[in-house]
Amino acid sequence: QVQLVESGGGLVQPGGSLRLSCAASGRSFSINFMGWYRQAPGKGRDLVASITNGGSTDYADSVKGRFTISRDNAKNTVYLQMNELQPEDTAVYYCKVRSFTVNYWGQGTQVTVFS
């Protein structure tokens with residue numbers, strides 16, 4: 001089992017920044033994938049960014065150049081630095097990790113970008 005605790009969401013004006021964190025505990029030594037997803041009201045849950053054990057990253061086209069995913073392996077924590085936030089980034093953001101072949105999800109953190 002892997003437990004995830006997310007933090008860092010909140011309210012921000014357009015152009016602002018937020019940093020999300022997701023700390024893993026439990027069988028975190030077996031994690032082979034870490035990523036951030038988001039779900040806006042009435043929409044599906046979409047991948048925002050991901051990072052492999054080797055540090056390779058992938059981003060949704062809509063956030064490239066604005067968001068940065070990173071991880072601290074010593075702390076078993078993945079981060080999402082979000083800059084130049086826009087109203088369309090408003091969503092619940094979820095951390096997901098994969099341990100062996102099992103996916104674990106965080107509880108979600110709300111990000112609201114308002115004018």
# chains A, B, ... in the order shown; residues from 1 in each chain; ligands from 1
>>> residues_around(residues="range 91-96 of chain A", least_positions_apart="5", cutoff="6 Å", atoms="only C-alpha atoms", output="list in words")
Met34, Gly35, Trp36, Tyr37, Arg38, Gln39, Ala40, Tyr104, Trp105, Gly106, Gly108, Thr109, Gln110 and Val111 of chain A
>>> write_last_selection(atoms="all heavy atoms", output="short mmCIF file (atom, residue, chain, number, x, y, z; two decimals), in the first residue's frame")
data_model
loop_
_atom_site.label_atom_id
_atom_site.label_comp_id
_atom_site.auth_asym_id
_atom_site.auth_seq_id
_atom_site.Cartn_x
_atom_site.Cartn_y
_atom_site.Cartn_z
N MET A 34 5.05 8.78 -11.34
CA MET A 34 4.41 9.83 -10.55
C MET A 34 3.84 10.86 -11.52
O MET A 34 4.51 11.23 -12.49
CB MET A 34 5.39 10.50 -9.59
CG MET A 34 6.10 9.55 -8.65
SD MET A 34 7.17 10.38 -7.47
CE MET A 34 6.03 10.66 -6.11
N GLY A 35 2.63 11.30 -11.26
CA GLY A 35 2.02 12.25 -12.17
C GLY A 35 0.94 13.07 -11.51
O GLY A 35 0.48 12.76 -10.41
N TRP A 36 0.55 14.13 -12.20
CA TRP A 36 -0.54 15.00 -11.78
C TRP A 36 -1.64 14.97 -12.84
O TRP A 36 -1.34 15.07 -14.04
CB TRP A 36 -0.06 16.43 -11.58
CG TRP A 36 0.79 16.61 -10.37
CD1 TRP A 36 2.16 16.60 -10.32
CD2 TRP A 36 0.34 16.83 -9.04
NE1 TRP A 36 2.59 16.79 -9.03
CE2 TRP A 36 1.49 16.94 -8.21
CE3 TRP A 36 -0.91 16.94 -8.44
CZ2 TRP A 36 1.41 17.16 -6.85
CZ3 TRP A 36 -0.99 17.16 -7.08
CH2 TRP A 36 0.15 17.27 -6.30
N TYR A 37 -2.86 14.86 -12.39
CA TYR A 37 -4.03 14.90 -13.24
C TYR A 37 -4.94 16.02 -12.73
O TYR A 37 -4.80 16.48 -11.60
CB TYR A 37 -4.79 13.57 -13.19
CG TYR A 37 -4.07 12.42 -13.83
CD1 TYR A 37 -2.92 11.89 -13.27
CD2 TYR A 37 -4.55 11.86 -15.01
CE1 TYR A 37 -2.25 10.84 -13.86
CE2 TYR A 37 -3.89 10.80 -15.61
CZ TYR A 37 -2.75 10.29 -15.03
OH TYR A 37 -2.10 9.24 -15.63
N ARG A 38 -5.88 16.42 -13.56
CA ARG A 38 -6.87 17.39 -13.10
C ARG A 38 -8.23 17.08 -13.69
O ARG A 38 -8.34 16.49 -14.77
CB ARG A 38 -6.44 18.82 -13.44
CG ARG A 38 -6.42 19.16 -14.92
CD ARG A 38 -5.86 20.57 -15.12
NE ARG A 38 -5.82 20.96 -16.52
CZ ARG A 38 -5.26 22.06 -16.98
NH1 ARG A 38 -4.67 22.91 -16.11
NH2 ARG A 38 -5.26 22.35 -18.26
N GLN A 39 -9.24 17.51 -12.94
CA GLN A 39 -10.61 17.28 -13.36
C GLN A 39 -11.41 18.55 -13.10
O GLN A 39 -11.61 18.95 -11.95
CB GLN A 39 -11.22 16.10 -12.60
CG GLN A 39 -12.59 15.70 -13.09
CD GLN A 39 -13.04 14.35 -12.55
OE1 GLN A 39 -12.48 13.84 -11.57
NE2 GLN A 39 -14.01 13.74 -13.18
N ALA A 40 -11.87 19.15 -14.19
CA ALA A 40 -12.71 20.34 -14.10
C ALA A 40 -14.17 19.90 -13.96
O ALA A 40 -14.52 18.77 -14.33
CB ALA A 40 -12.52 21.20 -15.33
N TYR A 104 -2.28 4.44 -7.35
CA TYR A 104 -2.79 5.07 -6.14
C TYR A 104 -3.05 6.55 -6.43
O TYR A 104 -2.24 7.20 -7.10
CB TYR A 104 -1.79 4.93 -4.98
CG TYR A 104 -1.51 3.51 -4.57
CD1 TYR A 104 -0.50 2.77 -5.20
CD2 TYR A 104 -2.26 2.89 -3.58
CE1 TYR A 104 -0.24 1.46 -4.83
CE2 TYR A 104 -2.00 1.59 -3.20
CZ TYR A 104 -1.00 0.88 -3.83
OH TYR A 104 -0.74 -0.43 -3.47
N TRP A 105 -4.14 7.05 -5.88
CA TRP A 105 -4.53 8.44 -6.11
C TRP A 105 -4.54 9.22 -4.80
O TRP A 105 -4.92 8.69 -3.75
CB TRP A 105 -5.94 8.49 -6.71
CG TRP A 105 -6.03 7.96 -8.10
CD1 TRP A 105 -6.29 6.68 -8.48
CD2 TRP A 105 -5.86 8.72 -9.31
NE1 TRP A 105 -6.28 6.60 -9.85
CE2 TRP A 105 -6.03 7.83 -10.39
CE3 TRP A 105 -5.57 10.06 -9.57
CZ2 TRP A 105 -5.92 8.23 -11.71
CZ3 TRP A 105 -5.47 10.45 -10.89
CH2 TRP A 105 -5.64 9.55 -11.95
N GLY A 106 -4.15 10.49 -4.90
CA GLY A 106 -4.29 11.38 -3.77
C GLY A 106 -5.74 11.81 -3.62
O GLY A 106 -6.59 11.48 -4.44
N GLY A 108 -6.95 14.77 -3.81
CA GLY A 108 -7.31 15.90 -4.65
C GLY A 108 -7.18 17.22 -3.91
O GLY A 108 -7.43 17.30 -2.70
N THR A 109 -6.77 18.24 -4.65
CA THR A 109 -6.67 19.58 -4.08
C THR A 109 -7.22 20.58 -5.10
O THR A 109 -6.94 20.49 -6.29
CB THR A 109 -5.21 19.91 -3.69
OG1 THR A 109 -5.16 21.19 -3.05
CG2 THR A 109 -4.28 19.93 -4.89
N GLN A 110 -8.05 21.49 -4.61
CA GLN A 110 -8.74 22.43 -5.50
C GLN A 110 -7.82 23.59 -5.87
O GLN A 110 -7.19 24.20 -5.00
CB GLN A 110 -9.99 22.97 -4.82
CG GLN A 110 -10.76 24.00 -5.63
CD GLN A 110 -11.45 23.41 -6.85
OE1 GLN A 110 -12.11 22.37 -6.75
NE2 GLN A 110 -11.30 24.05 -8.00
N VAL A 111 -7.78 23.87 -7.16
CA VAL A 111 -7.10 25.06 -7.67
C VAL A 111 -8.15 25.90 -8.39
O VAL A 111 -8.82 25.42 -9.31
CB VAL A 111 -5.96 24.69 -8.64
CG1 VAL A 111 -5.41 25.94 -9.32
CG2 VAL A 111 -4.86 23.95 -7.90
#
>>> select_by_dssp(residues="chain A", states="helix (DSSP H, G or I)", output="VMD selection string")
chain A and resid 28 to 30 61 to 63 87 to 89
>>> atom_distance(atom1="CA of Arg19 in chain A", atom2="CA of Ser70 in chain A")
10.8 Å
>>> select_by_dssp(residues="range 2-100 of chain A", states="strand (DSSP E or B)", output="ChimeraX atom specification")
/A:2-7,10-12,18-26,31-39,45-52,57-59,67-72,77-82,91-99
>>> write_last_selection(atoms="C-alpha atoms", output="PDB file, in the first residue's frame")
ATOM      1  CA  VAL A   2       1.031   3.564  -0.743  1.00  0.00           C
ATOM      2  CA  GLN A   3      -0.500   6.570   0.975  1.00  0.00           C
ATOM      3  CA  LEU A   4      -0.513   9.988  -0.682  1.00  0.00           C
ATOM      4  CA  VAL A   5      -0.976  13.394   0.920  1.00  0.00           C
ATOM      5  CA  GLU A   6      -1.464  16.387  -1.333  1.00  0.00           C
ATOM      6  CA  SER A   7      -1.125  20.047  -0.448  1.00  0.00           C
ATOM      7  CA  GLY A  10      -5.917  27.452  -3.371  1.00  0.00           C
ATOM      8  CA  LEU A  11      -7.263  30.610  -4.958  1.00  0.00           C
ATOM      9  CA  VAL A  12      -5.170  32.710  -7.287  1.00  0.00           C
ATOM     10  CA  LEU A  18       0.880  27.870  -7.082  1.00  0.00           C
ATOM     11  CA  ARG A  19       2.979  24.886  -6.112  1.00  0.00           C
ATOM     12  CA  LEU A  20       1.381  21.531  -5.427  1.00  0.00           C
ATOM     13  CA  SER A  21       3.058  18.808  -3.398  1.00  0.00           C
ATOM     14  CA  CYS A  22       2.284  15.107  -3.073  1.00  0.00           C
ATOM     15  CA  ALA A  23       4.107  13.077  -0.451  1.00  0.00           C
ATOM     16  CA  ALA A  24       4.097   9.292  -0.662  1.00  0.00           C
ATOM     17  CA  SER A  25       4.521   6.890   2.225  1.00  0.00           C
ATOM     18  CA  GLY A  26       4.197   3.175   2.729  1.00  0.00           C
ATOM     19  CA  ILE A  31       7.004   3.616  -7.139  1.00  0.00           C
ATOM     20  CA  ASN A  32       7.753   3.672 -10.852  1.00  0.00           C
ATOM     21  CA  PHE A  33       5.483   6.511 -12.017  1.00  0.00           C
ATOM     22  CA  MET A  34       4.409   9.834 -10.553  1.00  0.00           C
ATOM     23  CA  GLY A  35       2.024  12.250 -12.172  1.00  0.00           C
ATOM     24  CA  TRP A  36      -0.542  14.998 -11.778  1.00  0.00           C
ATOM     25  CA  TYR A  37      -4.033  14.900 -13.240  1.00  0.00           C
ATOM     26  CA  ARG A  38      -6.865  17.395 -13.102  1.00  0.00           C
ATOM     27  CA  GLN A  39     -10.614  17.283 -13.356  1.00  0.00           C
ATOM     28  CA  ARG A  45      -9.784  13.463 -15.388  1.00  0.00           C
ATOM     29  CA  ASP A  46      -6.868  14.368 -17.672  1.00  0.00           C
ATOM     30  CA  LEU A  47      -3.119  13.989 -17.356  1.00  0.00           C
ATOM     31  CA  VAL A  48      -1.345  17.283 -16.689  1.00  0.00           C
ATOM     32  CA  ALA A  49       2.248  16.145 -16.222  1.00  0.00           C
ATOM     33  CA  SER A  50       4.228  13.040 -15.383  1.00  0.00           C
ATOM     34  CA  ILE A  51       7.760  12.122 -14.397  1.00  0.00           C
ATOM     35  CA  THR A  52       9.553   8.805 -14.494  1.00  0.00           C
ATOM     36  CA  THR A  57       8.887  14.399 -18.039  1.00  0.00           C
ATOM     37  CA  ASP A  58       5.756  14.718 -20.129  1.00  0.00           C
ATOM     38  CA  TYR A  59       3.221  17.539 -20.226  1.00  0.00           C
ATOM     39  CA  PHE A  67       3.920  24.090 -15.440  1.00  0.00           C
ATOM     40  CA  THR A  68       6.927  22.141 -14.201  1.00  0.00           C
ATOM     41  CA  ILE A  69       6.843  18.723 -12.577  1.00  0.00           C
ATOM     42  CA  SER A  70       9.694  17.590 -10.352  1.00  0.00           C
ATOM     43  CA  ARG A  71      10.359  14.970  -7.722  1.00  0.00           C
ATOM     44  CA  ASP A  72      12.487  14.561  -4.626  1.00  0.00           C
ATOM     45  CA  THR A  77       7.513  13.685  -3.035  1.00  0.00           C
ATOM     46  CA  VAL A  78       6.391  14.990  -6.394  1.00  0.00           C
ATOM     47  CA  TYR A  79       5.769  18.665  -7.057  1.00  0.00           C
ATOM     48  CA  LEU A  80       3.881  20.660  -9.659  1.00  0.00           C
ATOM     49  CA  GLN A  81       4.968  24.260 -10.054  1.00  0.00           C
ATOM     50  CA  MET A  82       2.209  26.134 -11.850  1.00  0.00           C
ATOM     51  CA  ALA A  91      -9.912  22.121 -11.466  1.00  0.00           C
ATOM     52  CA  VAL A  92      -9.334  19.576  -8.759  1.00  0.00           C
ATOM     53  CA  TYR A  93      -5.764  18.353  -9.100  1.00  0.00           C
ATOM     54  CA  TYR A  94      -4.926  14.760  -8.239  1.00  0.00           C
ATOM     55  CA  CYS A  95      -1.599  13.130  -7.686  1.00  0.00           C
ATOM     56  CA  LYS A  96      -1.189   9.583  -8.997  1.00  0.00           C
ATOM     57  CA  VAL A  97       1.623   7.155  -8.403  1.00  0.00           C
ATOM     58  CA  ARG A  98       2.112   3.608  -9.590  1.00  0.00           C
ATOM     59  CA  SER A  99       3.670   0.961  -7.402  1.00  0.00           C
TER      60      SER A  99
END
>>> atom_distance(atom1="CA of Asn83 in chain A", atom2="CA of Gly8 in chain A")
13.3 Å
>>> atom_distance(atom1="CA of Lys75 in chain A", atom2="CA of Val63 in chain A")
25.4 Å
>>> decode(residues="range 24-45 of chain A", atoms="N, CA, C and O atoms", output="PDB file, in the first residue's frame")
ATOM      1  N   ALA A  24       4.449  10.706  -0.707  1.00  0.00           N
ATOM      2  CA  ALA A  24       4.097   9.292  -0.662  1.00  0.00           C
ATOM      3  C   ALA A  24       4.733   8.613   0.531  1.00  0.00           C
ATOM      4  O   ALA A  24       5.875   8.916   0.893  1.00  0.00           O
ATOM      5  N   SER A  25       3.998   7.695   1.129  1.00  0.00           N
ATOM      6  CA  SER A  25       4.521   6.890   2.225  1.00  0.00           C
ATOM      7  C   SER A  25       4.019   5.468   2.062  1.00  0.00           C
ATOM      8  O   SER A  25       3.182   5.176   1.218  1.00  0.00           O
ATOM      9  N   GLY A  26       4.551   4.583   2.863  1.00  0.00           N
ATOM     10  CA  GLY A  26       4.197   3.175   2.729  1.00  0.00           C
ATOM     11  C   GLY A  26       5.210   2.490   1.827  1.00  0.00           C
ATOM     12  O   GLY A  26       6.412   2.668   2.011  1.00  0.00           O
ATOM     13  N   ARG A  27       4.734   1.748   0.846  1.00  0.00           N
ATOM     14  CA  ARG A  27       5.625   1.024  -0.049  1.00  0.00           C
ATOM     15  C   ARG A  27       6.117   1.928  -1.167  1.00  0.00           C
ATOM     16  O   ARG A  27       6.068   1.590  -2.342  1.00  0.00           O
ATOM     17  N   SER A  28       6.599   3.105  -0.764  1.00  0.00           N
ATOM     18  CA  SER A  28       7.004   4.095  -1.752  1.00  0.00           C
ATOM     19  C   SER A  28       8.262   3.709  -2.495  1.00  0.00           C
ATOM     20  O   SER A  28       8.558   4.248  -3.556  1.00  0.00           O
ATOM     21  N   PHE A  29       9.024   2.733  -1.973  1.00  0.00           N
ATOM     22  CA  PHE A  29      10.247   2.324  -2.639  1.00  0.00           C
ATOM     23  C   PHE A  29       9.966   1.691  -3.994  1.00  0.00           C
ATOM     24  O   PHE A  29      10.841   1.620  -4.854  1.00  0.00           O
ATOM     25  N   SER A  30       8.736   1.232  -4.188  1.00  0.00           N
ATOM     26  CA  SER A  30       8.391   0.513  -5.415  1.00  0.00           C
ATOM     27  C   SER A  30       7.723   1.399  -6.452  1.00  0.00           C
ATOM     28  O   SER A  30       7.274   0.918  -7.474  1.00  0.00           O
ATOM     29  N   ILE A  31       7.679   2.706  -6.206  1.00  0.00           N
ATOM     30  CA  ILE A  31       7.004   3.616  -7.139  1.00  0.00           C
ATOM     31  C   ILE A  31       7.787   3.723  -8.429  1.00  0.00           C
ATOM     32  O   ILE A  31       9.000   3.945  -8.414  1.00  0.00           O
ATOM     33  N   ASN A  32       7.085   3.567  -9.557  1.00  0.00           N
ATOM     34  CA  ASN A  32       7.753   3.672 -10.852  1.00  0.00           C
ATOM     35  C   ASN A  32       7.129   4.733 -11.743  1.00  0.00           C
ATOM     36  O   ASN A  32       7.529   4.902 -12.894  1.00  0.00           O
ATOM     37  N   PHE A  33       6.124   5.454 -11.241  1.00  0.00           N
ATOM     38  CA  PHE A  33       5.483   6.511 -12.017  1.00  0.00           C
ATOM     39  C   PHE A  33       4.888   7.506 -11.041  1.00  0.00           C
ATOM     40  O   PHE A  33       4.293   7.123 -10.024  1.00  0.00           O
ATOM     41  N   MET A  34       5.047   8.785 -11.345  1.00  0.00           N
ATOM     42  CA  MET A  34       4.409   9.834 -10.553  1.00  0.00           C
ATOM     43  C   MET A  34       3.843  10.859 -11.520  1.00  0.00           C
ATOM     44  O   MET A  34       4.513  11.228 -12.494  1.00  0.00           O
ATOM     45  N   GLY A  35       2.631  11.299 -11.263  1.00  0.00           N
ATOM     46  CA  GLY A  35       2.024  12.250 -12.172  1.00  0.00           C
ATOM     47  C   GLY A  35       0.940  13.075 -11.510  1.00  0.00           C
ATOM     48  O   GLY A  35       0.483  12.764 -10.407  1.00  0.00           O
ATOM     49  N   TRP A  36       0.547  14.128 -12.203  1.00  0.00           N
ATOM     50  CA  TRP A  36      -0.542  14.998 -11.778  1.00  0.00           C
ATOM     51  C   TRP A  36      -1.639  14.975 -12.842  1.00  0.00           C
ATOM     52  O   TRP A  36      -1.341  15.074 -14.036  1.00  0.00           O
ATOM     53  N   TYR A  37      -2.859  14.858 -12.389  1.00  0.00           N
ATOM     54  CA  TYR A  37      -4.033  14.900 -13.240  1.00  0.00           C
ATOM     55  C   TYR A  37      -4.944  16.018 -12.726  1.00  0.00           C
ATOM     56  O   TYR A  37      -4.797  16.477 -11.596  1.00  0.00           O
ATOM     57  N   ARG A  38      -5.882  16.422 -13.558  1.00  0.00           N
ATOM     58  CA  ARG A  38      -6.865  17.395 -13.102  1.00  0.00           C
ATOM     59  C   ARG A  38      -8.229  17.082 -13.690  1.00  0.00           C
ATOM     60  O   ARG A  38      -8.338  16.490 -14.769  1.00  0.00           O
ATOM     61  N   GLN A  39      -9.239  17.509 -12.940  1.00  0.00           N
ATOM     62  CA  GLN A  39     -10.614  17.283 -13.356  1.00  0.00           C
ATOM     63  C   GLN A  39     -11.411  18.549 -13.100  1.00  0.00           C
ATOM     64  O   GLN A  39     -11.608  18.954 -11.952  1.00  0.00           O
ATOM     65  N   ALA A  40     -11.871  19.151 -14.188  1.00  0.00           N
ATOM     66  CA  ALA A  40     -12.709  20.336 -14.095  1.00  0.00           C
ATOM     67  C   ALA A  40     -14.167  19.903 -13.957  1.00  0.00           C
ATOM     68  O   ALA A  40     -14.518  18.770 -14.332  1.00  0.00           O
ATOM     69  N   PRO A  41     -15.041  20.763 -13.451  1.00  0.00           N
ATOM     70  CA  PRO A  41     -16.448  20.393 -13.277  1.00  0.00           C
ATOM     71  C   PRO A  41     -17.063  19.912 -14.584  1.00  0.00           C
ATOM     72  O   PRO A  41     -16.940  20.568 -15.628  1.00  0.00           O
ATOM     73  N   GLY A  42     -17.697  18.752 -14.531  1.00  0.00           N
ATOM     74  CA  GLY A  42     -18.379  18.213 -15.693  1.00  0.00           C
ATOM     75  C   GLY A  42     -17.476  17.595 -16.741  1.00  0.00           C
ATOM     76  O   GLY A  42     -17.941  17.222 -17.821  1.00  0.00           O
ATOM     77  N   LYS A  43     -16.194  17.468 -16.437  1.00  0.00           N
ATOM     78  CA  LYS A  43     -15.241  16.919 -17.409  1.00  0.00           C
ATOM     79  C   LYS A  43     -14.518  15.708 -16.825  1.00  0.00           C
ATOM     80  O   LYS A  43     -14.606  15.416 -15.633  1.00  0.00           O
ATOM     81  N   GLY A  44     -13.809  15.019 -17.673  1.00  0.00           N
ATOM     82  CA  GLY A  44     -13.050  13.859 -17.245  1.00  0.00           C
ATOM     83  C   GLY A  44     -11.738  14.241 -16.588  1.00  0.00           C
ATOM     84  O   GLY A  44     -11.352  15.418 -16.564  1.00  0.00           O
ATOM     85  N   ARG A  45     -11.059  13.237 -16.046  1.00  0.00           N
ATOM     86  CA  ARG A  45      -9.784  13.463 -15.388  1.00  0.00           C
ATOM     87  C   ARG A  45      -8.664  13.305 -16.428  1.00  0.00           C
ATOM     88  O   ARG A  45      -8.508  12.231 -17.023  1.00  0.00           O
TER      89      ARG A  45
END
